[in-house]
>>> print(open('structure.txt').read())   # compact mmCIF, C-alpha atoms
# COMPACT_ATOMS: atom_id res chain seq x y z
CA GLU A 1 62.08 24.33 -23.44
CA PRO A 2 64.71 21.68 -22.68
CA GLU A 3 64.60 20.34 -19.17
CA VAL A 4 66.30 17.91 -16.84
CA THR A 5 64.12 14.91 -16.07
CA GLN A 6 64.43 12.60 -13.09
CA THR A 7 62.96 9.23 -12.22
CA PRO A 8 61.48 8.01 -10.00
CA SER A 9 59.73 10.97 -8.46
CA HIS A 10 59.40 9.08 -5.20
CA GLN A 11 60.98 5.85 -4.00
CA VAL A 12 60.45 4.06 -0.72
CA THR A 13 63.02 1.47 0.23
CA GLN A 14 64.13 -0.61 3.18
CA MET A 15 67.35 0.18 4.98
CA GLY A 16 70.27 -1.70 3.46
CA GLN A 17 68.75 -1.92 -0.01
CA GLU A 18 70.39 -0.54 -3.13
CA VAL A 19 68.76 2.39 -4.87
CA ILE A 20 69.40 3.85 -8.31
CA LEU A 21 68.14 7.32 -9.14
CA ARG A 22 68.05 8.28 -12.78
CA CYS A 23 68.45 11.56 -14.56
CA VAL A 24 68.35 12.69 -18.16
CA PRO A 25 70.27 15.96 -18.41
CA ILE A 26 69.67 18.57 -21.08
CA SER A 27 71.06 17.12 -24.29
CA ASN A 28 73.86 19.59 -25.10
CA HIS A 29 75.05 19.89 -21.49
CA LEU A 30 78.28 18.21 -20.48
CA TYR A 31 78.53 18.96 -16.75
CA PHE A 32 76.33 16.95 -14.43
CA TYR A 33 75.64 17.18 -10.73
CA TRP A 34 73.80 15.56 -7.88
CA TYR A 35 72.59 17.56 -4.92
CA ARG A 36 70.44 16.50 -2.02
CA GLN A 37 68.08 18.27 0.33
CA ILE A 38 67.07 16.70 3.59
CA LEU A 39 63.54 17.80 4.39
CA GLY A 40 63.45 21.47 5.33
CA GLN A 41 67.21 21.86 5.21
CA LYS A 42 69.79 23.31 2.88
CA VAL A 43 70.64 22.06 -0.58
CA GLU A 44 73.91 20.11 -0.32
CA PHE A 45 76.36 19.33 -3.09
CA LEU A 46 77.15 15.66 -3.57
CA VAL A 47 79.12 15.26 -6.76
CA SER A 48 79.94 16.75 -10.12
CA PHE A 49 80.75 14.78 -13.26
CA TYR A 50 82.46 15.78 -16.47
CA ASN A 51 84.07 13.90 -19.32
CA ASN A 52 83.00 10.55 -17.87
CA GLU A 53 84.59 11.03 -14.52
CA ILE A 54 83.94 12.59 -11.16
CA SER A 55 85.36 16.09 -11.10
CA GLU A 56 84.50 16.96 -7.51
CA LYS A 57 82.73 15.33 -4.59
CA SER A 58 81.74 16.32 -1.10
CA GLU A 59 82.39 14.55 2.16
CA ILE A 60 78.82 13.27 2.01
CA PHE A 61 79.66 11.31 -1.13
CA ASP A 62 81.29 8.33 0.54
CA ASP A 63 81.88 4.79 -0.71
CA GLN A 64 78.18 4.02 -0.54
CA PHE A 65 77.54 6.42 -3.41
CA SER A 66 78.50 6.09 -7.04
CA VAL A 67 77.59 7.84 -10.27
CA GLU A 68 77.59 6.62 -13.81
CA ARG A 69 76.74 7.75 -17.29
CA PRO A 70 75.88 4.38 -18.79
CA ASP A 71 74.87 5.71 -22.20
CA GLY A 72 74.67 8.99 -24.04
CA SER A 73 71.68 10.30 -22.17
CA ASN A 74 71.30 8.94 -18.64
CA PHE A 75 73.17 9.97 -15.52
CA THR A 76 72.60 7.80 -12.48
CA LEU A 77 73.22 8.00 -8.76
CA LYS A 78 73.51 4.69 -6.94
CA ILE A 79 73.33 4.25 -3.20
CA ARG A 80 74.67 0.79 -2.43
CA SER A 81 73.24 0.16 1.02
CA THR A 82 70.78 2.81 2.09
CA LYS A 83 70.66 4.22 5.60
CA LEU A 84 67.84 6.05 7.33
CA GLU A 85 69.75 9.31 7.02
CA ASP A 86 69.82 8.98 3.23
CA SER A 87 66.15 9.95 3.21
CA ALA A 88 66.09 13.19 1.25
CA MET A 89 65.16 14.82 -2.01
CA TYR A 90 67.87 14.22 -4.59
CA PHE A 91 68.26 16.74 -7.36
CA CYS A 92 70.09 16.19 -10.59
CA ALA A 93 71.42 19.21 -12.46
CA SER A 94 73.31 19.95 -15.63
CA SER A 95 75.07 22.92 -17.13
CA GLU A 96 76.44 23.98 -20.44
CA VAL A 97 80.05 24.03 -21.51
CA GLY A 98 81.32 27.56 -21.75
CA SER A 99 78.35 29.17 -20.08
CA SER A 100 79.64 32.43 -18.67
CA ALA A 101 77.03 32.45 -15.95
CA GLY A 102 77.39 28.77 -15.23
CA GLU A 103 73.84 28.36 -14.03
CA LEU A 104 72.66 24.89 -13.23
CA PHE A 105 69.39 23.57 -14.53
CA PHE A 106 67.71 21.30 -12.03
CA GLY A 107 65.30 18.44 -12.35
CA GLU A 108 62.17 18.15 -10.26
CA GLY A 109 63.91 15.85 -7.82
CA SER A 110 63.57 12.28 -6.62
CA ARG A 111 62.28 11.86 -3.11
CA LEU A 112 63.92 8.90 -1.36
CA THR A 113 62.37 7.53 1.80
CA VAL A 114 64.37 4.90 3.68
CA LEU A 115 62.44 2.88 6.23
CA GLY B 116 86.22 27.98 0.47
CA ASN B 117 83.13 29.51 -1.05
CA SER B 118 80.10 30.17 1.13
CA VAL B 119 76.76 31.93 1.06
CA THR B 120 74.96 33.42 4.05
CA GLN B 121 71.26 34.22 3.91
CA MET B 122 68.96 35.84 6.39
CA GLU B 123 67.09 33.44 8.61
CA GLY B 124 63.47 32.74 7.82
CA PRO B 125 60.65 32.37 7.77
CA VAL B 126 59.68 35.77 6.48
CA THR B 127 55.98 36.54 6.68
CA LEU B 128 54.59 39.47 4.71
CA SER B 129 51.20 40.77 3.75
CA GLU B 130 50.31 40.90 0.08
CA GLU B 131 51.74 43.97 -1.69
CA ALA B 132 54.43 44.48 0.94
CA PHE B 133 58.05 45.16 0.00
CA LEU B 134 60.41 42.21 0.20
CA THR B 135 64.11 42.09 0.93
CA ILE B 136 66.01 38.88 1.52
CA ASN B 137 69.63 39.50 2.40
CA CYS B 138 72.45 37.44 0.95
CA THR B 139 76.18 37.83 1.37
CA TYR B 140 78.92 35.64 0.02
CA THR B 141 82.54 34.66 0.42
CA ALA B 142 84.35 33.46 -2.67
CA THR B 143 87.69 33.30 -4.39
CA GLY B 144 87.84 34.75 -7.85
CA TYR B 145 84.84 36.35 -9.45
CA PRO B 146 81.72 34.30 -8.82
CA SER B 147 78.46 34.32 -10.68
CA LEU B 148 75.53 34.84 -8.33
CA PHE B 149 72.07 33.34 -8.47
CA TRP B 150 68.73 33.26 -6.78
CA TYR B 151 66.85 29.99 -7.03
CA VAL B 152 63.25 29.50 -5.93
CA GLN B 153 61.58 26.34 -4.67
CA TYR B 154 57.80 26.35 -4.63
CA PRO B 155 56.06 23.91 -2.27
CA GLY B 156 56.54 20.34 -3.44
CA GLU B 157 58.61 21.33 -6.45
CA GLY B 158 62.23 21.41 -7.55
CA LEU B 159 64.66 24.30 -7.84
CA GLN B 160 64.10 26.94 -10.47
CA LEU B 161 66.50 29.67 -11.44
CA LEU B 162 64.89 32.99 -10.60
CA LEU B 163 67.63 35.41 -11.66
CA LYS B 164 71.36 35.70 -12.05
CA ALA B 165 74.24 38.18 -12.30
CA THR B 166 77.69 37.43 -13.63
CA LYS B 167 79.75 40.47 -12.72
CA ALA B 168 79.92 43.40 -10.35
CA ASP B 169 77.09 45.94 -10.64
CA ASP B 170 75.01 43.62 -12.82
CA LYS B 171 71.36 43.57 -11.90
CA GLY B 172 69.42 40.36 -12.39
CA SER B 173 65.67 40.61 -12.67
CA ASN B 174 62.70 38.34 -13.30
CA LYS B 175 59.01 38.25 -12.36
CA GLY B 176 59.32 41.55 -10.51
CA PHE B 177 62.26 40.33 -8.42
CA GLU B 178 65.65 41.91 -8.71
CA ALA B 179 69.09 41.66 -7.16
CA THR B 180 72.26 43.67 -7.75
CA TYR B 181 75.74 42.16 -7.58
CA ARG B 182 77.63 44.34 -5.09
CA LYS B 183 81.29 43.42 -5.02
CA GLU B 184 82.23 46.05 -2.44
CA THR B 185 79.81 44.59 0.11
CA THR B 186 79.91 41.03 -1.28
CA SER B 187 76.14 41.02 -1.35
CA PHE B 188 73.30 40.00 -3.66
CA HIS B 189 70.12 40.95 -1.84
CA LEU B 190 66.81 39.91 -3.36
CA GLU B 191 64.05 42.53 -3.58
CA LYS B 192 60.52 42.81 -4.83
CA GLY B 193 58.36 45.88 -4.61
CA SER B 194 55.01 44.18 -4.10
CA VAL B 195 54.77 40.52 -3.18
CA GLN B 196 51.86 38.24 -4.02
CA VAL B 197 50.53 35.13 -2.32
CA SER B 198 51.91 33.14 -5.26
CA ASP B 199 55.45 34.25 -4.29
CA SER B 200 55.29 32.04 -1.20
CA ALA B 201 58.27 29.72 -1.57
CA VAL B 202 61.78 29.07 -0.34
CA TYR B 203 64.44 31.30 -1.88
CA PHE B 204 68.04 30.18 -2.17
CA CYS B 205 70.98 32.45 -2.84
CA ALA B 206 73.84 30.69 -4.59
CA LEU B 207 77.20 31.29 -6.17
CA ARG B 208 79.47 29.64 -8.68
CA ALA B 209 83.14 30.53 -8.98
CA ASN B 210 83.50 32.01 -12.43
CA SER B 211 87.04 30.98 -13.20
CA GLY B 212 86.21 28.35 -15.75
CA GLY B 213 85.96 24.62 -15.38
CA TYR B 214 83.22 22.85 -13.55
CA GLN B 215 82.99 24.42 -10.13
CA LYS B 216 79.94 23.45 -8.17
CA VAL B 217 77.20 25.86 -7.24
CA THR B 218 77.17 26.57 -3.51
CA PHE B 219 73.81 27.32 -1.91
CA GLY B 220 72.76 29.31 1.09
CA THR B 221 70.46 27.75 3.65
CA GLY B 222 67.32 29.12 2.03
CA THR B 223 64.78 31.64 3.27
CA LYS B 224 61.16 30.68 3.46
CA LEU B 225 58.76 33.42 2.40
CA GLN B 226 55.12 33.28 3.36
CA VAL B 227 52.79 35.90 1.88
CA ILE B 228 49.39 36.23 3.49
CA PRO B 229 46.37 37.80 1.79
>>> encode(input="structure.txt", output="structure tokens")
Amino acid sequence: EPEVTQTPSHQVTQMGQEVILRCVPISNHLYFYWYRQILGQKVEFLVSFYNNEISEKSEIFDDQFSVERPDGSNFTLKIRSTKLEDSAMYFCASSEVGSSAGELFFGEGSRLTVL
Amino acid sequence: GNSVTQMEGPVTLSEEAFLTINCTYTATGYPSLFWYVQYPGEGLQLLLKATKADDKGSNKGFEATYRKETTSFHLEKGSVQVSDSAVYFCALRANSGGYQKVTFGTGTKLQVIP
């Protein structure tokens, strides 16, 4: 069964460092998303991406964050200068064009720990 | 804007007990509704879904009915097992085309004890 894959599964970084989280969405999906979940808290929307541009972003997604689809398969989230409060589980998701239900398929997540 | 409200957890039940986790929503248009499950240390998995009023989603013994009149999508299971221990998220997506994001509730932690 097709699945969304994310790397790394866990990254530890120092405050102020740049981090890139990678995602390979399901191959025929064209909508891509990043969500995050601070430990024990709700799942928060960060950004959605379609047709090579951001289609929607939340207030969390400030200038420190960027997304890119550098090739035909990867979808990346970059945090330019990490802060302690960026420590969270980051989930990538994708969905199909024209799906009437519009369900998102999530990856296993990348746990980011900022020290 | 769209929002989802779930009952506060944690919910602790004995094995074979009946489960209900309440979920209500506020949305413009006609949303699709979902329940996602997150097992300890894992990602989010779609548990079930419903796309229109009166639809019933079901999977693994869980079910939820899309009630437009009460704007609810309560999750139920007749007999829970220890393996059902997880966090359950109610979610919605506005079903008016395009690329609307999925909005999640705060999650309800379920703990089933033998």
>>> closest_residue(input="structure.txt", among="A:Lys42, A:Val4, A:Glu96, A:Leu30", to="B:Gln160", atoms="all atoms listed in the file")
A:Val4
>>> closest_atom_pairs(input="structure.txt", of="chain B", to="chain A", cutoff="10 Å", atoms="only C-alpha atoms", output="JSON lines")
{"residue": "B:Pro146", "atom": "CA", "partner": "A:Ala101", "partner_atom": "CA", "distance": 8.7}
{"residue": "B:Ser147", "atom": "CA", "partner": "A:Ala101", "partner_atom": "CA", "distance": 5.8}
{"residue": "B:Leu148", "atom": "CA", "partner": "A:Ala101", "partner_atom": "CA", "distance": 8.1}
{"residue": "B:Phe149", "atom": "CA", "partner": "A:Glu103", "partner_atom": "CA", "distance": 7.7}
{"residue": "B:Tyr151", "atom": "CA", "partner": "A:Leu104", "partner_atom": "CA", "distance": 9.9}
{"residue": "B:Gln153", "atom": "CA", "partner": "A:Glu108", "partner_atom": "CA", "distance": 9.9}
{"residue": "B:Gly156", "atom": "CA", "partner": "A:Glu108", "partner_atom": "CA", "distance": 9.1}
{"residue": "B:Glu157", "atom": "CA", "partner": "A:Glu108", "partner_atom": "CA", "distance": 6.1}
{"residue": "B:Gly158", "atom": "CA", "partner": "A:Glu108", "partner_atom": "CA", "distance": 4.2}
{"residue": "B:Leu159", "atom": "CA", "partner": "A:Phe106", "partner_atom": "CA", "distance": 6.0}
{"residue": "B:Gln160", "atom": "CA", "partner": "A:Phe106", "partner_atom": "CA", "distance": 6.9}
{"residue": "B:Leu161", "atom": "CA", "partner": "A:Phe105", "partner_atom": "CA", "distance": 7.4}
{"residue": "B:Leu163", "atom": "CA", "partner": "A:Glu103", "partner_atom": "CA", "distance": 9.7}
{"residue": "B:Lys164", "atom": "CA", "partner": "A:Ala101", "partner_atom": "CA", "distance": 7.6}
{"residue": "B:Ala165", "atom": "CA", "partner": "A:Ala101", "partner_atom": "CA", "distance": 7.3}
{"residue": "B:Thr166", "atom": "CA", "partner": "A:Ala101", "partner_atom": "CA", "distance": 5.5}
{"residue": "B:Lys167", "atom": "CA", "partner": "A:Ala101", "partner_atom": "CA", "distance": 9.1}
{"residue": "B:Val202", "atom": "CA", "partner": "A:Gly40", "partner_atom": "CA", "distance": 9.6}
{"residue": "B:Phe204", "atom": "CA", "partner": "A:Val43", "partner_atom": "CA", "distance": 8.7}
{"residue": "B:Ala206", "atom": "CA", "partner": "A:Glu103", "partner_atom": "CA", "distance": 9.7}
{"residue": "B:Leu207", "atom": "CA", "partner": "A:Glu103", "partner_atom": "CA", "distance": 9.0}
{"residue": "B:Arg208", "atom": "CA", "partner": "A:Gly102", "partner_atom": "CA", "distance": 6.9}
{"residue": "B:Ala209", "atom": "CA", "partner": "A:Gly102", "partner_atom": "CA", "distance": 8.7}
{"residue": "B:Asn210", "atom": "CA", "partner": "A:Ser100", "partner_atom": "CA", "distance": 7.3}
{"residue": "B:Ser211", "atom": "CA", "partner": "A:Ser100", "partner_atom": "CA", "distance": 9.3}
{"residue": "B:Gly212", "atom": "CA", "partner": "A:Gly98", "partner_atom": "CA", "distance": 7.8}
{"residue": "B:Gly213", "atom": "CA", "partner": "A:Gly98", "partner_atom": "CA", "distance": 8.4}
{"residue": "B:Tyr214", "atom": "CA", "partner": "A:Tyr31", "partner_atom": "CA", "distance": 6.9}
{"residue": "B:Gln215", "atom": "CA", "partner": "A:Glu56", "partner_atom": "CA", "distance": 8.0}
{"residue": "B:Lys216", "atom": "CA", "partner": "A:Ser48", "partner_atom": "CA", "distance": 7.0}
{"residue": "B:Val217", "atom": "CA", "partner": "A:Leu104", "partner_atom": "CA", "distance": 7.6}
{"residue": "B:Thr218", "atom": "CA", "partner": "A:Phe45", "partner_atom": "CA", "distance": 7.3}
{"residue": "B:Phe219", "atom": "CA", "partner": "A:Val43", "partner_atom": "CA", "distance": 6.3}
{"residue": "B:Gly220", "atom": "CA", "partner": "A:Lys42", "partner_atom": "CA", "distance": 6.9}
{"residue": "B:Thr221", "atom": "CA", "partner": "A:Lys42", "partner_atom": "CA", "distance": 4.6}
{"residue": "B:Gly222", "atom": "CA", "partner": "A:Lys42", "partner_atom": "CA", "distance": 6.4}
{"residue": "B:Thr223", "atom": "CA", "partner": "A:Lys42", "partner_atom": "CA", "distance": 9.7}
{"residue": "B:Lys224", "atom": "CA", "partner": "A:Gly40", "partner_atom": "CA", "distance": 9.7}
>>> atom_distance(input="structure.txt", atom1="atom CA of A:Ser87", atom2="atom CA of A:Ile38")
6.8 Å
>>> atom_distance(input="structure.txt", atom1="atom CA of A:Ile54", atom2="atom CA of B:Gly116")
19.4 Å
>>> residues_near_point(input="structure.txt", point="(61.1, 40.4, 0.2)", cutoff="9 Å", atoms="only C-alpha atoms", output="list in words")
Val126, Leu128, Ala132, Phe133, Leu134, Thr135, Ile136, Asn137, Phe177, Leu190, Glu191, Lys192, Gly193, Ser194, Val195 and Leu225 of chain B
>>> closest_residue(input="structure.txt", among="B:Gln226, B:Ser200, B:Asn174, B:Thr186", to="B:Val119", atoms="only C-alpha atoms")
B:Thr186
>>> atom_distance(input="structure.txt", atom1="atom CA of B:Val152", atom2="atom CA of B:Ala179")
13.5 Å
>>> residues_around(input="structure.txt", residues="B:Thr185", least_positions_apart="2", cutoff="12 Å", atoms="only C-alpha atoms", output="MDAnalysis selection string")
chainID B and resid 137:141 168:169 180:183 187:189
>>> residues_around(input="structure.txt", residues="A:Met15", least_positions_apart="2", cutoff="7 Å", atoms="only C-alpha atoms", output="JSON, numbers by chain")
{"A": [13, 17, 82, 83, 84, 114, 115]}
>>> write_last_selection(input="structure.txt", atoms="C-alpha atoms", output="PDB file, in the coordinates of the input")
ATOM      1  CA  THR A  13      63.020   1.470   0.230  1.00  0.00           C
ATOM      2  CA  GLN A  17      68.750  -1.920  -0.010  1.00  0.00           C
ATOM      3  CA  THR A  82      70.780   2.810   2.090  1.00  0.00           C
ATOM      4  CA  LYS A  83      70.660   4.220   5.600  1.00  0.00           C
ATOM      5  CA  LEU A  84      67.840   6.050   7.330  1.00  0.00           C
ATOM      6  CA  VAL A 114      64.370   4.900   3.680  1.00  0.00           C
ATOM      7  CA  LEU A 115      62.440   2.880   6.230  1.00  0.00           C
TER       8      LEU A 115
END
>>> closest_residue(input="structure.txt", among="B:Asp170, B:Glu184, B:Glu123, B:Glu131", to="B:Gln196", atoms="only C-alpha atoms")
B:Glu131
>>> closest_residue(input="structure.txt", among="A:Val19, A:Gln14, A:Pro25, A:Gln6", to="A:Ser73", atoms="only C-alpha atoms")
A:Pro25
>>> decode(input="structure.txt", residues="stretch 148-166 of chain B", atoms="N, CA and C atoms", output="mmCIF file, in the first residue's frame")
data_model
loop_
_atom_site.group_PDB
_atom_site.id
_atom_site.type_symbol
_atom_site.label_atom_id
_atom_site.label_comp_id
_atom_site.auth_asym_id
_atom_site.auth_seq_id
_atom_site.Cartn_x
_atom_site.Cartn_y
_atom_site.Cartn_z
ATOM 1 N N LEU B 148 -15.832 14.468 7.377
ATOM 2 C CA LEU B 148 -15.462 14.259 8.784
ATOM 3 C C LEU B 148 -14.633 12.993 8.922
ATOM 4 N N PHE B 149 -13.700 13.026 9.852
ATOM 5 C CA PHE B 149 -12.752 11.934 9.999
ATOM 6 C C PHE B 149 -12.498 11.647 11.476
ATOM 7 N N TRP B 150 -12.115 10.426 11.733
ATOM 8 C CA TRP B 150 -11.460 10.080 12.982
ATOM 9 C C TRP B 150 -10.100 9.512 12.627
ATOM 10 N N TYR B 151 -9.075 10.113 13.243
ATOM 11 C CA TYR B 151 -7.716 9.602 13.121
ATOM 12 C C TYR B 151 -7.313 9.005 14.471
ATOM 13 N N VAL B 152 -6.419 8.028 14.419
ATOM 14 C CA VAL B 152 -5.928 7.405 15.641
ATOM 15 C C VAL B 152 -4.404 7.478 15.664
ATOM 16 N N GLN B 153 -3.879 7.721 16.853
ATOM 17 C CA GLN B 153 -2.426 7.777 17.030
ATOM 18 C C GLN B 153 -2.056 6.823 18.151
ATOM 19 N N TYR B 154 -1.458 5.708 17.779
ATOM 20 C CA TYR B 154 -0.988 4.751 18.782
ATOM 21 C C TYR B 154 0.313 5.256 19.389
ATOM 22 N N PRO B 155 0.647 4.817 20.589
ATOM 23 C CA PRO B 155 1.842 5.334 21.275
ATOM 24 C C PRO B 155 3.087 5.257 20.403
ATOM 25 N N GLY B 156 3.744 6.378 20.255
ATOM 26 C CA GLY B 156 4.996 6.433 19.498
ATOM 27 C C GLY B 156 4.845 6.363 17.995
ATOM 28 N N GLU B 157 3.630 6.447 17.506
ATOM 29 C CA GLU B 157 3.414 6.328 16.059
ATOM 30 C C GLU B 157 2.789 7.598 15.476
ATOM 31 N N GLY B 158 2.600 7.567 14.166
ATOM 32 C CA GLY B 158 1.993 8.691 13.477
ATOM 33 C C GLY B 158 0.476 8.612 13.487
ATOM 34 N N LEU B 159 -0.140 9.403 12.635
ATOM 35 C CA LEU B 159 -1.596 9.485 12.551
ATOM 36 C C LEU B 159 -2.111 8.535 11.478
ATOM 37 N N GLN B 160 -3.106 7.756 11.854
ATOM 38 C CA GLN B 160 -3.707 6.848 10.889
ATOM 39 C C GLN B 160 -5.193 7.163 10.773
ATOM 40 N N LEU B 161 -5.676 7.158 9.542
ATOM 41 C CA LEU B 161 -7.105 7.351 9.349
ATOM 42 C C LEU B 161 -7.849 6.132 9.884
ATOM 43 N N LEU B 162 -8.803 6.361 10.759
ATOM 44 C CA LEU B 162 -9.592 5.270 11.314
ATOM 45 C C LEU B 162 -10.879 5.090 10.518
ATOM 46 N N LEU B 163 -11.599 6.184 10.305
ATOM 47 C CA LEU B 163 -12.823 6.116 9.508
ATOM 48 C C LEU B 163 -13.193 7.509 9.030
ATOM 49 N N LYS B 164 -14.133 7.546 8.094
ATOM 50 C CA LYS B 164 -14.508 8.832 7.527
ATOM 51 C C LYS B 164 -15.969 8.808 7.104
ATOM 52 N N ALA B 165 -16.534 10.002 6.920
ATOM 53 C CA ALA B 165 -17.888 10.151 6.369
ATOM 54 C C ALA B 165 -17.919 11.450 5.579
ATOM 55 N N THR B 166 -18.543 11.410 4.423
ATOM 56 C CA THR B 166 -18.466 12.564 3.533
ATOM 57 C C THR B 166 -19.752 13.370 3.446
#
